[in-house]
>>> print(open('structure_21.txt').read())   # compact mmCIF, C-alpha atoms and all ligand atoms
# COMPACT_ATOMS: atom_id res chain seq x y z
CA MET H 1 -15.53 -1.16 12.16
CA SER H 2 -15.89 -4.77 13.12
CA ARG H 3 -13.15 -7.19 12.20
CA ALA H 4 -15.56 -9.15 10.03
CA GLU H 5 -18.07 -7.59 7.67
CA ARG H 6 -20.61 -9.51 5.66
CA SER H 7 -22.11 -8.94 2.27
CA SER H 8 -25.45 -7.30 1.58
CA PRO H 9 -27.53 -7.04 -1.61
CA ASP H 10 -26.33 -3.52 -2.47
CA ALA H 11 -22.70 -4.61 -2.93
CA ARG H 12 -22.01 -3.84 -6.60
CA VAL H 13 -20.55 -6.79 -8.42
CA ALA H 14 -20.21 -4.80 -11.65
CA PRO H 15 -18.24 -1.55 -11.91
CA SER H 16 -20.11 1.66 -12.75
CA THR H 17 -19.01 3.50 -15.90
CA GLY H 18 -18.80 6.79 -13.96
CA LEU H 19 -16.18 5.37 -11.63
CA ARG H 20 -14.11 4.01 -14.51
CA ALA H 21 -14.23 7.36 -16.33
CA GLY H 22 -13.07 9.16 -13.17
CA LEU H 23 -10.14 6.79 -12.78
CA ARG H 24 -8.96 7.47 -16.33
CA GLU H 25 -8.52 11.12 -15.34
CA ALA H 26 -6.34 10.30 -12.35
CA LYS H 27 -2.91 11.87 -12.61
CA ARG H 28 -1.33 11.43 -9.20
CA LEU H 29 -1.27 7.92 -7.80
CA VAL H 30 -0.17 6.40 -4.54
CA VAL H 31 0.54 2.69 -4.94
CA LYS H 32 0.98 0.53 -1.86
CA VAL H 33 2.60 -2.90 -1.81
CA GLY H 34 2.78 -4.99 1.32
CA SER H 35 5.09 -7.73 2.47
CA ALA H 36 2.71 -10.51 1.38
CA VAL H 37 2.75 -9.21 -2.22
CA LEU H 38 6.52 -8.73 -2.29
CA SER H 39 7.22 -12.17 -0.86
CA LYS H 40 4.59 -14.14 -2.78
CA GLY H 41 4.11 -16.17 0.39
CA ASP H 42 7.80 -16.97 0.80
CA ILE H 43 10.06 -15.63 3.57
CA ALA H 44 12.17 -13.52 1.24
CA LEU H 45 11.59 -10.75 -1.28
CA HIS H 46 10.40 -12.21 -4.58
CA GLN H 47 12.62 -10.42 -7.06
CA ALA H 48 10.48 -11.16 -10.12
CA THR H 49 7.39 -9.68 -8.46
CA LEU H 50 9.31 -6.62 -7.36
CA GLU H 51 10.69 -6.16 -10.89
CA ARG H 52 7.24 -6.48 -12.40
CA ILE H 53 5.82 -3.86 -10.06
CA CYS H 54 8.71 -1.53 -10.93
CA ARG H 55 8.13 -2.09 -14.66
CA GLU H 56 4.47 -1.18 -14.30
CA LEU H 57 5.26 1.92 -12.25
CA VAL H 58 7.74 3.04 -14.91
CA TRP H 59 5.03 2.55 -17.52
CA LEU H 60 2.66 4.73 -15.48
CA ARG H 61 5.35 7.42 -15.20
CA LYS H 62 5.85 7.32 -18.98
CA GLU H 63 2.09 7.70 -19.43
CA GLY H 64 2.35 10.97 -17.50
CA TYR H 65 1.26 9.86 -14.05
CA GLN H 66 2.98 11.08 -10.91
CA VAL H 67 3.62 7.97 -8.83
CA VAL H 68 4.46 7.53 -5.17
CA LEU H 69 5.18 4.02 -3.89
CA VAL H 70 4.45 3.01 -0.31
CA SER H 71 6.34 -0.21 0.23
CA SER H 72 6.71 -2.63 3.12
CA GLY H 73 9.30 -5.37 2.98
CA ALA H 74 12.01 -4.07 5.30
CA ILE H 75 11.33 -6.68 7.97
CA LEU H 76 11.13 -9.36 5.30
CA ALA H 77 14.46 -8.35 3.78
CA GLY H 78 16.04 -8.08 7.24
CA MET H 79 14.83 -11.55 8.21
CA GLY H 80 16.86 -13.10 5.43
CA ARG H 81 19.99 -11.17 6.36
CA LEU H 82 19.63 -12.08 10.04
CA GLY H 83 18.91 -15.73 9.27
CA LEU H 84 15.40 -15.59 10.77
CA THR H 85 13.11 -18.25 9.31
CA GLU H 86 9.86 -16.78 10.60
CA ARG H 87 8.52 -13.30 11.12
CA PRO H 88 9.77 -11.98 14.47
CA GLY H 89 7.23 -11.95 17.28
CA SER H 90 8.64 -9.16 19.41
CA ILE H 91 8.47 -5.53 18.41
CA PRO H 92 12.19 -4.82 19.10
CA LEU H 93 13.20 -7.74 16.89
CA LYS H 94 10.86 -6.52 14.15
CA GLN H 95 12.38 -3.07 14.44
CA ALA H 96 15.89 -4.51 14.29
CA ALA H 97 14.98 -6.61 11.24
CA ALA H 98 13.49 -3.52 9.59
CA ALA H 99 16.65 -1.53 10.33
CA VAL H 100 18.74 -4.24 8.69
CA GLY H 101 16.31 -4.76 5.83
CA GLN H 102 15.39 -1.21 4.81
CA SER H 103 18.62 -0.55 2.94
CA LEU H 104 18.43 -4.01 1.34
CA LEU H 105 14.87 -3.28 0.23
CA MET H 106 15.97 0.00 -1.34
CA ARG H 107 18.88 -1.74 -3.02
CA HIS H 108 16.43 -4.17 -4.61
CA TYR H 109 14.35 -1.25 -5.82
CA GLU H 110 17.43 0.63 -7.07
CA GLU H 111 18.48 -2.42 -9.08
CA ALA H 112 14.99 -3.01 -10.45
CA PHE H 113 14.50 0.61 -11.52
CA ALA H 114 18.06 1.11 -12.82
CA PRO H 115 17.43 -0.27 -16.34
CA TYR H 116 14.78 2.43 -16.81
CA GLY H 117 16.91 5.25 -15.43
CA GLN H 118 14.25 5.97 -12.82
CA LYS H 119 15.60 8.00 -9.88
CA LEU H 120 14.35 7.07 -6.43
CA GLY H 121 14.01 8.83 -3.09
CA GLN H 122 13.45 7.18 0.27
CA LEU H 123 11.14 8.62 2.92
CA LEU H 124 10.62 6.99 6.30
CA LEU H 125 7.52 8.43 7.93
CA THR H 126 5.35 7.77 10.96
CA GLN H 127 1.71 8.56 11.61
CA GLU H 128 2.98 11.15 14.11
CA ASP H 129 4.49 13.07 11.20
CA PHE H 130 0.98 13.64 9.85
CA ARG H 131 -0.30 14.96 13.18
CA SER H 132 2.33 17.68 13.56
CA ARG H 133 1.69 20.56 11.15
CA TYR H 134 5.39 21.34 11.02
CA ARG H 135 6.43 17.81 10.10
CA TYR H 136 3.45 17.37 7.79
CA LEU H 137 4.44 20.43 5.78
CA ASN H 138 8.06 19.31 5.59
CA ALA H 139 7.05 15.86 4.34
CA ARG H 140 4.68 17.49 1.84
CA ASN H 141 7.32 19.90 0.55
CA THR H 142 9.84 17.10 0.14
CA LEU H 143 7.37 14.89 -1.71
CA PHE H 144 6.23 17.60 -4.09
CA THR H 145 9.82 18.61 -4.81
CA LEU H 146 10.76 15.00 -5.54
CA LEU H 147 7.81 14.65 -7.92
CA HIS H 148 8.79 17.91 -9.60
CA LEU H 149 12.30 16.51 -10.11
CA GLY H 150 10.92 13.34 -11.71
CA VAL H 151 11.97 11.21 -8.75
CA LEU H 152 9.81 8.30 -7.67
CA PRO H 153 9.47 8.47 -3.87
CA ILE H 154 9.39 5.20 -1.95
CA ILE H 155 7.87 5.48 1.50
CA ASN H 156 7.96 3.10 4.42
CA GLU H 157 7.13 3.49 8.06
CA ASN H 158 10.07 4.58 10.21
CA ASP H 159 9.96 1.38 12.23
CA THR H 160 12.67 2.43 14.67
CA VAL H 161 10.52 5.13 16.21
CA ALA H 162 6.96 3.99 15.51
CA VAL H 163 5.21 0.67 15.59
CA GLU H 164 1.68 1.38 14.35
CA GLU H 165 2.09 -0.43 11.05
CA ILE H 166 4.27 -3.33 12.16
CA LYS H 167 1.74 -4.12 14.85
CA PHE H 168 -1.26 -4.07 12.58
CA GLY H 169 -1.64 -2.51 9.19
CA ASP H 170 1.36 -3.26 7.00
CA ASN H 171 1.42 0.37 5.76
CA ASP H 172 -2.24 0.41 4.69
CA HIS H 173 -3.03 3.36 6.99
CA LEU H 174 0.18 5.06 6.01
CA SER H 175 -0.73 4.85 2.33
CA ALA H 176 -4.06 6.59 2.98
CA LEU H 177 -2.30 9.33 4.94
CA VAL H 178 0.19 9.81 2.11
CA ALA H 179 -2.59 9.91 -0.49
CA THR H 180 -4.39 12.59 1.53
CA LEU H 181 -1.23 14.61 2.11
CA LEU H 182 -0.53 14.63 -1.62
CA GLY H 183 -4.10 15.27 -2.68
CA ALA H 184 -3.72 12.13 -4.81
CA ASP H 185 -6.32 11.26 -7.43
CA LEU H 186 -6.16 7.59 -6.62
CA LEU H 187 -4.86 5.16 -4.03
CA VAL H 188 -3.99 1.68 -5.30
CA ILE H 189 -3.51 -1.00 -2.65
CA LEU H 190 -2.05 -4.17 -4.08
CA THR H 191 -2.73 -7.40 -2.27
CA ASP H 192 -2.56 -11.17 -2.77
CA LEU H 193 -6.32 -11.39 -3.39
CA ASP H 194 -8.13 -10.03 -6.44
CA GLY H 195 -9.92 -7.41 -4.36
CA LEU H 196 -12.91 -7.20 -2.04
CA TYR H 197 -15.16 -10.23 -1.91
CA THR H 198 -18.61 -10.98 -0.58
CA ALA H 199 -17.05 -13.76 1.51
CA ASP H 200 -13.59 -15.19 2.15
CA PRO H 201 -12.61 -16.55 -1.31
CA ARG H 202 -10.06 -18.90 0.26
CA ARG H 203 -12.82 -20.71 2.12
CA ASP H 204 -16.11 -19.99 0.39
CA PRO H 205 -16.53 -21.14 -3.25
CA ASN H 206 -19.54 -18.81 -3.59
CA ALA H 207 -17.50 -15.72 -2.78
CA ARG H 208 -17.94 -13.06 -5.45
CA LEU H 209 -15.71 -10.12 -6.23
CA VAL H 210 -17.20 -6.77 -5.23
CA HIS H 211 -16.29 -4.26 -7.92
CA GLU H 212 -17.38 -1.10 -6.25
CA VAL H 213 -18.32 0.21 -2.82
CA PRO H 214 -19.92 3.67 -3.05
CA ARG H 215 -18.33 6.40 -0.92
CA ARG H 216 -21.42 7.20 1.07
CA SER H 217 -22.50 3.63 1.61
CA THR H 218 -23.55 2.93 5.16
CA GLY H 219 -24.41 -0.74 4.91
CA LEU H 220 -22.09 -3.69 5.20
CA HIS H 221 -21.16 -4.68 1.72
CA PHE H 222 -18.34 -7.13 1.77
CA TRP H 223 -16.22 -9.50 3.73
CA ALA H 224 -13.12 -8.15 5.46
CA ASP H 225 -11.07 -9.66 8.21
CA ASP H 226 -7.53 -9.53 9.44
CA SER H 227 -6.31 -12.94 8.30
CA GLY H 228 -3.19 -12.53 6.23
CA THR H 229 -0.44 -14.87 5.15
CA GLY H 230 1.56 -14.36 8.34
CA LEU H 231 4.28 -12.45 6.48
CA GLY H 232 2.62 -9.10 6.61
CA THR H 233 0.01 -7.70 8.95
CA GLY H 234 -3.46 -6.38 8.42
CA GLY H 235 -5.34 -8.49 5.89
CA MET H 236 -8.39 -6.95 4.20
CA VAL H 237 -9.67 -5.07 7.23
CA THR H 238 -6.91 -2.45 7.27
CA LYS H 239 -7.23 -2.05 3.49
CA VAL H 240 -10.90 -1.23 3.87
CA GLU H 241 -10.09 1.17 6.72
CA ALA H 242 -7.49 2.85 4.51
CA ALA H 243 -9.98 3.07 1.64
CA ARG H 244 -12.50 4.66 3.98
CA ALA H 245 -9.96 7.20 5.21
CA ALA H 246 -9.00 8.07 1.64
CA ALA H 247 -12.66 8.28 0.61
CA ALA H 248 -13.27 10.76 3.43
CA SER H 249 -10.82 13.02 1.58
CA GLY H 250 -12.51 12.33 -1.75
CA ILE H 251 -9.85 9.89 -2.95
CA PRO H 252 -11.02 6.61 -4.50
CA THR H 253 -9.11 3.43 -3.73
CA ILE H 254 -8.53 0.37 -5.86
CA ILE H 255 -7.79 -2.82 -3.95
CA ALA H 256 -6.37 -5.25 -6.47
CA ASN H 257 -4.11 -8.21 -7.02
N1 LIG I 1 7.55 -1.23 7.85
C1 LIG I 1 7.26 -2.62 7.75
C2 LIG I 1 8.21 -3.30 6.78
O1 LIG I 1 8.74 -2.66 5.92
C3 LIG I 1 5.89 -2.76 7.20
C4 LIG I 1 4.91 -3.37 8.05
C5 LIG I 1 4.98 -4.90 8.04
O2 LIG I 1 5.62 -5.53 7.21
O3 LIG I 1 4.31 -5.41 8.91
O4 LIG I 1 8.42 -4.48 6.88
>>> encode(input="structure_21.txt", output="structure tokens")
Amino acid sequence: MSRAERSSPDARVAPSTGLRAGLREAKRLVVKVGSAVLSKGDIALHQATLERICRELVWLRKEGYQVVLVSSGAILAGMGRLGLTERPGSIPLKQAAAAVGQSLLMRHYEEAFAPYGQKLGQLLLTQEDFRSRYRYLNARNTLFTLLHLGVLPIINENDTVAVEEIKFGDNDHLSALVATLLGADLLVILTDLDGLYTADPRRDPNARLVHEVPRRSTGLHFWADDSGTGLGTGGMVTKVEAARAAAASGIPTIIAN
């Protein structure tokens, strides 16, 4: 896929009722939040945003959904602890920041979920884990057992041993792999834009929200490029790639604010 895709007339700007009805039946959700969402553009975790996401996930659990969270934010949390004022440029420094920040990130989640009594589990995975049948099955067994126990799994890339997502992707690809592994009904990718647009909404006042891209569409329907806030990586292009990967397994994706 090219790094920039343009709109075409068959982009649907109104949602179809069939899609909405299908989403109401979803029972197992993978929700992905990236560093840009968790920081709200700052260079630290934004506690109020994190708490709000946790509150909404608890609500989904109470409504009977099984929820798995794929969360970035380790590098962001580590930056603060290490006194870094901008996102590290080198991979080893990113990995070090992630190693420092991962436990801080989980502590934030533990604190935010504690008032609801929600138990959490941490899984650090790499794309390699999905290529090895042995590791894939172990990850799958662990995840299903956690869900059976009522635990909410929180997944991040294992940045010490893999760099796919910290280079480019901010866990978007990982979230599609997790959704496929779980046979999820829905993948929700949260972002700092309202969703897919026909053009870059930050630059083009005529940009319109695209409500639905059909699974088998072959045309170019929307704008997507890799410009992010600088705090995460990926932008819209990796979200669209993740949505395509999930769609190939029959899983719809919502890209939303
Ligand atoms: N594993 C990374 C983190 O938790 C996610 C990727 C990124 O932020 O670029 O920070």
>>> residues_near_ligand(input="structure_21.txt", ligand="ligand LIG 1 (chain I)", cutoff="10 Å", atoms="all atoms listed in the file", output="JSON, numbers by chain")
{"H": [33, 34, 35, 36, 70, 71, 72, 73, 74, 75, 76, 77, 78, 79, 87, 94, 95, 97, 98, 99, 101, 102, 105, 124, 125, 126, 155, 156, 157, 158, 159, 160, 162, 163, 164, 165, 166, 167, 168, 169, 170, 171, 172, 174, 230, 231, 232, 233, 234]}
>>> closest_residue(input="structure_21.txt", among="H:Ala112, H:Ala242, H:Val31, H:Val100", to="Cys54 in chain H", atoms="only C-alpha atoms")
H:Ala112
>>> atom_distance(input="structure_21.txt", atom1="CA of Glu63 in chain H", atom2="CA of Phe113 in chain H")
16.3 Å
>>> closest_residue(input="structure_21.txt", among="H:Leu209, H:Arg81, H:Gly235, H:Leu190", to="Leu38 in chain H", atoms="all atoms listed in the file")
H:Leu190
>>> atom_distance(input="structure_21.txt", atom1="CA of Leu120 in chain H", atom2="CA of Val58 in chain H")
11.5 Å
>>> atom_distance(input="structure_21.txt", atom1="CA of Gly121 in chain H", atom2="CA of Leu143 in chain H")
9.1 Å
>>> residues_around(input="structure_21.txt", residues="Asp204 in chain H", least_positions_apart="6", cutoff="12 Å", atoms="all atoms listed in the file", output="PDB file with C-alpha atoms, keeping the file's coordinate frame")
ATOM      1  CA  TYR H 197     -15.160 -10.230  -1.910  1.00  0.00           C
ATOM      2  CA  THR H 198     -18.610 -10.980  -0.580  1.00  0.00           C
ATOM      3  CA  TRP H 223     -16.220  -9.500   3.730  1.00  0.00           C
TER       4      TRP H 223
END
>>> residues_near_point(input="structure_21.txt", point="(2.9, 6.7, -11.0)", cutoff="9 Å", atoms="only C-alpha atoms", output="PyMOL selection string")
chain H and resi 27-31+56-69+152
>>> build_atoms(input="structure_21.txt", residues="range 154-165 of chain H", atoms="all heavy atoms", output="PDB file, keeping the file's coordinate frame")
ATOM      1  N   ILE H 154       9.789   6.475  -2.562  1.00  0.00           N
ATOM      2  CA  ILE H 154       9.390   5.200  -1.950  1.00  0.00           C
ATOM      3  C   ILE H 154       9.305   5.415  -0.442  1.00  0.00           C
ATOM      4  O   ILE H 154      10.289   5.822   0.191  1.00  0.00           O
ATOM      5  CB  ILE H 154      10.380   4.071  -2.295  1.00  0.00           C
ATOM      6  CG1 ILE H 154      10.450   3.883  -3.814  1.00  0.00           C
ATOM      7  CG2 ILE H 154       9.959   2.764  -1.614  1.00  0.00           C
ATOM      8  CD1 ILE H 154      11.335   2.740  -4.275  1.00  0.00           C
ATOM      9  N   ILE H 155       8.133   5.158   0.096  1.00  0.00           N
ATOM     10  CA  ILE H 155       7.870   5.480   1.500  1.00  0.00           C
ATOM     11  C   ILE H 155       7.650   4.200   2.299  1.00  0.00           C
ATOM     12  O   ILE H 155       6.970   3.286   1.857  1.00  0.00           O
ATOM     13  CB  ILE H 155       6.602   6.363   1.610  1.00  0.00           C
ATOM     14  CG1 ILE H 155       6.806   7.655   0.811  1.00  0.00           C
ATOM     15  CG2 ILE H 155       6.277   6.681   3.074  1.00  0.00           C
ATOM     16  CD1 ILE H 155       5.581   8.553   0.761  1.00  0.00           C
ATOM     17  N   ASN H 156       8.240   4.178   3.478  1.00  0.00           N
ATOM     18  CA  ASN H 156       7.960   3.100   4.420  1.00  0.00           C
ATOM     19  C   ASN H 156       7.773   3.724   5.781  1.00  0.00           C
ATOM     20  O   ASN H 156       8.137   4.888   5.989  1.00  0.00           O
ATOM     21  CB  ASN H 156       9.111   2.085   4.424  1.00  0.00           C
ATOM     22  CG  ASN H 156       8.722   0.728   5.036  1.00  0.00           C
ATOM     23  OD1 ASN H 156       7.634   0.556   5.590  1.00  0.00           O
ATOM     24  ND2 ASN H 156       9.630  -0.229   4.939  1.00  0.00           N
ATOM     25  N   GLU H 157       7.207   2.979   6.698  1.00  0.00           N
ATOM     26  CA  GLU H 157       7.130   3.490   8.060  1.00  0.00           C
ATOM     27  C   GLU H 157       8.541   3.518   8.660  1.00  0.00           C
ATOM     28  O   GLU H 157       9.363   2.655   8.362  1.00  0.00           O
ATOM     29  CB  GLU H 157       6.230   2.605   8.934  1.00  0.00           C
ATOM     30  CG  GLU H 157       6.025   3.191  10.321  1.00  0.00           C
ATOM     31  CD  GLU H 157       5.111   2.342  11.193  1.00  0.00           C
ATOM     32  OE1 GLU H 157       5.302   1.119  11.248  1.00  0.00           O
ATOM     33  OE2 GLU H 157       4.212   2.904  11.811  1.00  0.00           O
ATOM     34  N   ASN H 158       8.788   4.516   9.498  1.00  0.00           N
ATOM     35  CA  ASN H 158      10.070   4.580  10.210  1.00  0.00           C
ATOM     36  C   ASN H 158       9.957   3.677  11.436  1.00  0.00           C
ATOM     37  O   ASN H 158       9.605   4.105  12.528  1.00  0.00           O
ATOM     38  CB  ASN H 158      10.353   6.035  10.614  1.00  0.00           C
ATOM     39  CG  ASN H 158      11.757   6.186  11.151  1.00  0.00           C
ATOM     40  OD1 ASN H 158      12.440   5.203  11.438  1.00  0.00           O
ATOM     41  ND2 ASN H 158      12.196   7.423  11.296  1.00  0.00           N
ATOM     42  N   ASP H 159      10.253   2.398  11.217  1.00  0.00           N
ATOM     43  CA  ASP H 159       9.960   1.380  12.230  1.00  0.00           C
ATOM     44  C   ASP H 159      10.763   1.531  13.513  1.00  0.00           C
ATOM     45  O   ASP H 159      10.376   1.001  14.551  1.00  0.00           O
ATOM     46  CB  ASP H 159      10.192  -0.023  11.638  1.00  0.00           C
ATOM     47  CG  ASP H 159       9.196  -0.347  10.535  1.00  0.00           C
ATOM     48  OD1 ASP H 159       8.026   0.054  10.664  1.00  0.00           O
ATOM     49  OD2 ASP H 159       9.584  -0.987   9.539  1.00  0.00           O
ATOM     50  N   THR H 160      11.861   2.243  13.462  1.00  0.00           N
ATOM     51  CA  THR H 160      12.670   2.430  14.670  1.00  0.00           C
ATOM     52  C   THR H 160      11.923   3.247  15.718  1.00  0.00           C
ATOM     53  O   THR H 160      12.060   3.009  16.914  1.00  0.00           O
ATOM     54  CB  THR H 160      13.981   3.171  14.317  1.00  0.00           C
ATOM     55  OG1 THR H 160      14.659   2.416  13.332  1.00  0.00           O
ATOM     56  CG2 THR H 160      14.881   3.352  15.523  1.00  0.00           C
ATOM     57  N   VAL H 161      11.135   4.206  15.260  1.00  0.00           N
ATOM     58  CA  VAL H 161      10.520   5.130  16.210  1.00  0.00           C
ATOM     59  C   VAL H 161       9.002   4.999  16.294  1.00  0.00           C
ATOM     60  O   VAL H 161       8.361   5.681  17.082  1.00  0.00           O
ATOM     61  CB  VAL H 161      10.896   6.604  15.872  1.00  0.00           C
ATOM     62  CG1 VAL H 161      12.385   6.834  16.033  1.00  0.00           C
ATOM     63  CG2 VAL H 161      10.437   6.974  14.465  1.00  0.00           C
ATOM     64  N   ALA H 162       8.408   4.156  15.471  1.00  0.00           N
ATOM     65  CA  ALA H 162       6.960   3.990  15.510  1.00  0.00           C
ATOM     66  C   ALA H 162       6.617   2.546  15.206  1.00  0.00           C
ATOM     67  O   ALA H 162       7.330   1.873  14.470  1.00  0.00           O
ATOM     68  CB  ALA H 162       6.298   4.908  14.493  1.00  0.00           C
ATOM     69  N   VAL H 163       5.531   2.091  15.790  1.00  0.00           N
ATOM     70  CA  VAL H 163       5.210   0.670  15.590  1.00  0.00           C
ATOM     71  C   VAL H 163       3.782   0.449  15.114  1.00  0.00           C
ATOM     72  O   VAL H 163       3.315  -0.690  15.055  1.00  0.00           O
ATOM     73  CB  VAL H 163       5.452  -0.149  16.891  1.00  0.00           C
ATOM     74  CG1 VAL H 163       6.925  -0.170  17.243  1.00  0.00           C
ATOM     75  CG2 VAL H 163       4.636   0.400  18.051  1.00  0.00           C
ATOM     76  N   GLU H 164       3.089   1.532  14.741  1.00  0.00           N
ATOM     77  CA  GLU H 164       1.680   1.380  14.350  1.00  0.00           C
ATOM     78  C   GLU H 164       1.511   0.325  13.264  1.00  0.00           C
ATOM     79  O   GLU H 164       0.686  -0.573  13.361  1.00  0.00           O
ATOM     80  CB  GLU H 164       1.104   2.704  13.818  1.00  0.00           C
ATOM     81  CG  GLU H 164       0.698   3.691  14.905  1.00  0.00           C
ATOM     82  CD  GLU H 164       1.642   4.867  14.981  1.00  0.00           C
ATOM     83  OE1 GLU H 164       2.814   4.709  14.541  1.00  0.00           O
ATOM     84  OE2 GLU H 164       1.236   5.919  15.472  1.00  0.00           O
ATOM     85  N   GLU H 165       2.316   0.427  12.206  1.00  0.00           N
ATOM     86  CA  GLU H 165       2.090  -0.430  11.050  1.00  0.00           C
ATOM     87  C   GLU H 165       2.668  -1.830  11.208  1.00  0.00           C
ATOM     88  O   GLU H 165       2.174  -2.769  10.595  1.00  0.00           O
ATOM     89  CB  GLU H 165       2.646   0.229   9.780  1.00  0.00           C
ATOM     90  CG  GLU H 165       2.037   1.588   9.478  1.00  0.00           C
ATOM     91  CD  GLU H 165       0.613   1.523   8.926  1.00  0.00           C
ATOM     92  OE1 GLU H 165       0.195   0.444   8.477  1.00  0.00           O
ATOM     93  OE2 GLU H 165      -0.065   2.548   8.974  1.00  0.00           O
TER      94      GLU H 165
END
